[in-house]
Amino acid sequence: QVQVVESGGGLVQTGGSLRLSCAASGRAFSRYAMGWFRQAPGKEREFVGAISWSGVSTGYADSVKGRFTISRDAAKNTVYLQMNSLKPEDTAVYYCAVVLADTFQAGTYYTKMAEYQYWGRGTQVTVSS
């Protein structure tokens, strides 16, 4: 079983920045492809961004492209979501998700919820106007 724990959420003003962290347990972290999703009140959970297990590939939702950046630190078994130029519509609970990828999938990241095997409990991000 893989434990996934998010941290770093909070309250920030419009235009501000936050960095979310996602720590995943397990010896196979080096082959964990990871993603971020978010869910606003009354809305469905949606894809935010993802990174391949090797870190060479990343992908983002159009709504956050150019403002959010995903990176990973293999030594710390941690993936980060740097969020800049935050807007009120970014307010949501942010979830980290993990899937164990095959070695040959070094450049593959995943955008669909069903593709992930493990999920964290989420961290709240609130952007005030």
# chains A, B, ... in the order shown; residues from 1 in each chain; ligands from 1

call {"tool": "residues_around", "arguments": {"residues": "stretch 102-106 of chain A", "least_positions_apart": "2", "cutoff": "9 Å", "atoms": "only C-alpha atoms", "output": "NGL selection string"}}
result
:A and (31-33 or 52-57 or 100 or 108-109)

call {"tool": "write_last_selection", "arguments": {"atoms": "C-alpha atoms", "output": "PDB file, in the first residue's frame"}}
result
ATOM      1  CA  ARG A  31       8.666   4.802 -10.913  1.00  0.00           C
ATOM      2  CA  TYR A  32       5.684   6.664  -9.530  1.00  0.00           C
ATOM      3  CA  ALA A  33       4.002   8.851 -12.092  1.00  0.00           C
ATOM      4  CA  SER A  52       6.064  11.205 -15.530  1.00  0.00           C
ATOM      5  CA  TRP A  53       8.056   8.962 -13.231  1.00  0.00           C
ATOM      6  CA  SER A  54      11.307  10.149 -14.776  1.00  0.00           C
ATOM      7  CA  GLY A  55      10.349  13.801 -14.517  1.00  0.00           C
ATOM      8  CA  VAL A  56      11.092  14.431 -18.198  1.00  0.00           C
ATOM      9  CA  SER A  57       7.454  14.975 -19.129  1.00  0.00           C
ATOM     10  CA  LEU A 100       3.219   2.863 -10.511  1.00  0.00           C
ATOM     11  CA  THR A 108       4.311   9.176 -19.891  1.00  0.00           C
ATOM     12  CA  TYR A 109       2.123  11.231 -17.625  1.00  0.00           C
TER      13      TYR A 109
END

call {"tool": "closest_residue", "arguments": {"among": "A:Gln3, A:Thr58, A:Ser21, A:Gln13", "to": "A:Tyr110", "atoms": "only C-alpha atoms"}}
result
A:Thr58

call {"tool": "select_by_dssp", "arguments": {"residues": "stretch 28-128 of chain A", "states": "strand (DSSP E or B)", "output": "NGL selection string"}}
result
:A and (32-39 or 46-51 or 58-60 or 68-73 or 78-83 or 92-100 or 118-119 or 123-128)

call {"tool": "select_by_dssp", "arguments": {"residues": "chain A", "states": "helix (DSSP H, G or I)", "output": "list in words"}}
result
Arg27, Ala28, Phe29, Ser30, Arg31, Ala74, Ala75, Lys76, Pro88, Glu89, Asp90, Thr103, Phe104, Gln105, Met113, Ala114 and Glu115 of chain A

call {"tool": "atom_distance", "arguments": {"atom1": "atom CA of A:Val5", "atom2": "atom CA of A:Ser25"}}
result
8.8 Å

call {"tool": "residues_around", "arguments": {"residues": "A:Thr123", "least_positions_apart": "6", "cutoff": "6 Å", "atoms": "only C-alpha atoms", "output": "tab-separated table (two decimals) with N, CA, C and O atoms, in the first residue's frame"}}
result
chain	number	residue	atom	x	y	z
A	9	GLY	N	-1.26	23.64	1.55
A	9	GLY	CA	-2.42	24.46	1.23
A	9	GLY	C	-2.58	25.61	2.21
A	9	GLY	O	-1.91	25.68	3.24
A	93	VAL	N	-10.09	21.97	-3.18
A	93	VAL	CA	-9.27	20.98	-2.49
A	93	VAL	C	-8.39	20.33	-3.55
A	93	VAL	O	-8.90	19.86	-4.58
A	94	TYR	N	-7.11	20.32	-3.29
A	94	TYR	CA	-6.15	19.77	-4.24
A	94	TYR	C	-5.71	18.38	-3.77
A	94	TYR	O	-5.31	18.20	-2.62

call {"tool": "closest_residue", "arguments": {"among": "A:Glu115, A:Val99, A:Ser128, A:Asp90", "to": "A:Val4", "atoms": "only C-alpha atoms"}}
result
A:Val99

call {"tool": "closest_residue", "arguments": {"among": "A:Met34, A:Ala101, A:Leu81, A:Ala114", "to": "A:Ile51", "atoms": "only C-alpha atoms"}}
result
A:Met34

call {"tool": "atom_distance", "arguments": {"atom1": "atom CA of A:Gly16", "atom2": "atom CA of A:Met113"}}
result
27.8 Å

call {"tool": "residues_around", "arguments": {"residues": "A:Phe68", "least_positions_apart": "4", "cutoff": "6 Å", "atoms": "only C-alpha atoms", "output": "list of chain:residue names"}}
result
A:Val64, A:Gln82, A:Met83

call {"tool": "residues_around", "arguments": {"residues": "A:Ala75", "least_positions_apart": "6", "cutoff": "12 Å", "atoms": "only C-alpha atoms", "output": "JSON, numbers by chain"}}
result
{"A": [23, 24, 25, 27, 29, 30]}

call {"tool": "write_last_selection", "arguments": {"atoms": "N, CA and C atoms", "output": "PDB file, in the first residue's frame"}}
result
ATOM      1  N   ALA A  23       4.017  13.837  -0.699  1.00  0.00           N
ATOM      2  CA  ALA A  23       4.975  12.814  -0.329  1.00  0.00           C
ATOM      3  C   ALA A  23       4.343  11.446  -0.500  1.00  0.00           C
ATOM      4  N   ALA A  24       5.057  10.550  -1.147  1.00  0.00           N
ATOM      5  CA  ALA A  24       4.551   9.197  -1.379  1.00  0.00           C
ATOM      6  C   ALA A  24       5.514   8.194  -0.782  1.00  0.00           C
ATOM      7  N   SER A  25       4.978   7.230  -0.053  1.00  0.00           N
ATOM      8  CA  SER A  25       5.812   6.210   0.559  1.00  0.00           C
ATOM      9  C   SER A  25       6.092   5.102  -0.441  1.00  0.00           C
ATOM     10  N   ARG A  27       9.175   1.952  -1.829  1.00  0.00           N
ATOM     11  CA  ARG A  27      10.491   1.891  -2.457  1.00  0.00           C
ATOM     12  C   ARG A  27      10.448   2.186  -3.947  1.00  0.00           C
ATOM     13  N   PHE A  29       9.211   4.704  -5.491  1.00  0.00           N
ATOM     14  CA  PHE A  29       8.913   6.103  -5.822  1.00  0.00           C
ATOM     15  C   PHE A  29       9.510   6.492  -7.159  1.00  0.00           C
ATOM     16  N   SER A  30      10.676   5.937  -7.469  1.00  0.00           N
ATOM     17  CA  SER A  30      11.338   6.343  -8.700  1.00  0.00           C
ATOM     18  C   SER A  30      10.499   6.017  -9.925  1.00  0.00           C
TER      19      SER A  30
END

call {"tool": "residues_around", "arguments": {"residues": "A:Ser71", "least_positions_apart": "2", "cutoff": "7 Å", "atoms": "only C-alpha atoms", "output": "list in words"}}
result
Thr69, Val79, Tyr80 and Leu81 of chain A

call {"tool": "residues_around", "arguments": {"residues": "A:Lys65", "least_positions_apart": "6", "cutoff": "10 Å", "atoms": "only C-alpha atoms", "output": "list in words"}}
result
Val48, Gly49 and Gly59 of chain A

call {"tool": "closest_residue", "arguments": {"among": "A:Leu86, A:Trp119, A:Val127, A:Pro41", "to": "A:Ser17", "atoms": "only C-alpha atoms"}}
result
A:Leu86

call {"tool": "closest_residue", "arguments": {"among": "A:Ala28, A:Cys22, A:Cys96, A:Val12", "to": "A:Glu46", "atoms": "only C-alpha atoms"}}
result
A:Cys96

call {"tool": "decode", "arguments": {"residues": "chain A", "atoms": "C-alpha atoms", "output": "tab-separated table (two decimals), in the first residue's frame"}}
result
chain	number	residue	atom	x	y	z
A	1	GLN	CA	0.00	0.00	0.00
A	2	VAL	CA	1.30	3.45	-0.92
A	3	GLN	CA	0.65	6.34	1.42
A	4	VAL	CA	0.12	9.69	-0.25
A	5	VAL	CA	0.13	12.87	1.81
A	6	GLU	CA	-0.39	16.40	0.54
A	7	SER	CA	0.63	19.57	2.36
A	8	GLY	CA	1.11	23.26	1.74
A	9	GLY	CA	-2.42	24.46	1.23
A	10	GLY	CA	-3.73	27.65	2.76
A	11	LEU	CA	-5.27	31.05	2.22
A	12	VAL	CA	-3.69	33.45	-0.24
A	13	GLN	CA	-4.72	36.65	-1.99
A	14	THR	CA	-5.33	36.93	-5.71
A	15	GLY	CA	-2.03	37.07	-7.52
A	16	GLY	CA	-0.19	35.27	-4.76
A	17	SER	CA	1.68	31.98	-4.77
A	18	LEU	CA	1.61	28.68	-2.94
A	19	ARG	CA	3.64	25.52	-3.21
A	20	LEU	CA	1.96	22.22	-2.55
A	21	SER	CA	3.92	19.12	-1.66
A	22	CYS	CA	3.01	15.49	-2.13
A	23	ALA	CA	4.97	12.81	-0.33
A	24	ALA	CA	4.55	9.20	-1.38
A	25	SER	CA	5.81	6.21	0.56
A	26	GLY	CA	7.25	3.06	-0.90
A	27	ARG	CA	10.49	1.89	-2.46
A	28	ALA	CA	9.14	2.29	-5.97
A	29	PHE	CA	8.91	6.10	-5.82
A	30	SER	CA	11.34	6.34	-8.70
A	31	ARG	CA	8.67	4.80	-10.91
A	32	TYR	CA	5.68	6.66	-9.53
A	33	ALA	CA	4.00	8.85	-12.09
A	34	MET	CA	2.11	11.49	-10.17
A	35	GLY	CA	-0.65	13.93	-10.77
A	36	TRP	CA	-2.58	16.75	-9.19
A	37	PHE	CA	-6.32	17.14	-9.33
A	38	ARG	CA	-8.65	19.62	-7.69
A	39	GLN	CA	-12.27	19.79	-6.68
A	40	ALA	CA	-14.15	23.00	-6.04
A	41	PRO	CA	-17.41	23.06	-4.07
A	42	GLY	CA	-20.27	21.74	-6.18
A	43	LYS	CA	-17.99	20.75	-9.04
A	44	GLU	CA	-16.44	17.55	-10.27
A	45	ARG	CA	-12.82	16.73	-9.59
A	46	GLU	CA	-10.65	17.91	-12.46
A	47	PHE	CA	-7.14	17.40	-13.73
A	48	VAL	CA	-4.57	20.07	-12.90
A	49	GLY	CA	-1.20	18.68	-13.91
A	50	ALA	CA	0.96	15.57	-13.95
A	51	ILE	CA	4.55	14.41	-14.20
A	52	SER	CA	6.06	11.21	-15.53
A	53	TRP	CA	8.06	8.96	-13.23
A	54	SER	CA	11.31	10.15	-14.78
A	55	GLY	CA	10.35	13.80	-14.52
A	56	VAL	CA	11.09	14.43	-18.20
A	57	SER	CA	7.45	14.98	-19.13
A	58	THR	CA	4.81	17.18	-17.61
A	59	GLY	CA	1.33	18.17	-18.64
A	60	TYR	CA	-1.14	20.78	-17.46
A	61	ALA	CA	-4.75	21.74	-17.78
A	62	ASP	CA	-5.26	24.77	-19.99
A	63	SER	CA	-6.64	26.71	-17.04
A	64	VAL	CA	-3.32	26.55	-15.17
A	65	LYS	CA	-0.80	26.40	-18.01
A	66	GLY	CA	1.85	29.06	-17.59
A	67	ARG	CA	0.97	29.61	-13.93
A	68	PHE	CA	1.51	26.19	-12.30
A	69	THR	CA	4.63	24.06	-12.41
A	70	ILE	CA	5.14	20.47	-11.31
A	71	SER	CA	8.51	19.14	-10.24
A	72	ARG	CA	9.79	16.14	-8.34
A	73	ASP	CA	12.59	15.40	-5.89
A	74	ALA	CA	13.39	11.70	-5.97
A	75	ALA	CA	15.68	11.95	-2.95
A	76	LYS	CA	12.74	13.17	-0.87
A	77	ASN	CA	10.05	11.01	-2.51
A	78	THR	CA	8.17	14.25	-3.07
A	79	VAL	CA	6.42	16.02	-5.91
A	80	TYR	CA	5.69	19.73	-5.82
A	81	LEU	CA	3.03	21.92	-7.39
A	82	GLN	CA	4.20	25.51	-7.60
A	83	MET	CA	1.19	27.76	-8.09
A	84	ASN	CA	1.72	31.35	-9.14
A	85	SER	CA	-0.63	34.16	-10.13
A	86	LEU	CA	-3.43	32.50	-8.23
A	87	LYS	CA	-7.02	33.39	-9.00
A	88	PRO	CA	-10.21	32.96	-6.97
A	89	GLU	CA	-11.28	30.24	-9.39
A	90	ASP	CA	-8.27	28.19	-8.26
A	91	THR	CA	-9.96	27.75	-4.90
A	92	ALA	CA	-10.46	24.02	-4.34
A	93	VAL	CA	-9.27	20.98	-2.49
A	94	TYR	CA	-6.15	19.77	-4.24
A	95	TYR	CA	-5.47	16.06	-4.42
A	96	CYS	CA	-2.28	14.22	-5.26
A	97	ALA	CA	-2.46	10.88	-7.04
A	98	VAL	CA	0.07	8.16	-7.75
A	99	VAL	CA	0.38	5.37	-10.28
A	100	LEU	CA	3.22	2.86	-10.51
A	101	ALA	CA	4.43	3.08	-14.08
A	102	ASP	CA	6.46	0.65	-16.13
A	103	THR	CA	10.12	1.35	-16.73
A	104	PHE	CA	9.56	2.00	-20.44
A	105	GLN	CA	6.95	4.67	-19.64
A	106	ALA	CA	9.57	7.23	-18.64
A	107	GLY	CA	7.92	9.93	-20.71
A	108	THR	CA	4.31	9.18	-19.89
A	109	TYR	CA	2.12	11.23	-17.63
A	110	TYR	CA	-1.51	10.54	-16.87
A	111	THR	CA	-4.45	12.93	-17.00
A	112	LYS	CA	-7.40	10.74	-16.08
A	113	MET	CA	-8.49	9.94	-12.54
A	114	ALA	CA	-9.11	6.29	-13.39
A	115	GLU	CA	-5.46	5.85	-14.33
A	116	TYR	CA	-4.26	6.48	-10.78
A	117	GLN	CA	-3.98	3.84	-8.09
A	118	TYR	CA	-3.44	5.81	-4.90
A	119	TRP	CA	-4.81	9.10	-3.66
A	120	GLY	CA	-4.13	11.51	-0.86
A	121	ARG	CA	-6.82	13.11	1.27
A	122	GLY	CA	-6.34	16.56	-0.19
A	123	THR	CA	-5.27	19.98	0.95
A	124	GLN	CA	-7.43	23.10	0.83
A	125	VAL	CA	-6.36	26.08	-1.25
A	126	THR	CA	-8.38	29.26	-0.90
A	127	VAL	CA	-7.71	32.34	-3.02
A	128	SER	CA	-9.37	35.51	-1.80
A	129	SER	CA	-10.35	38.30	-4.15
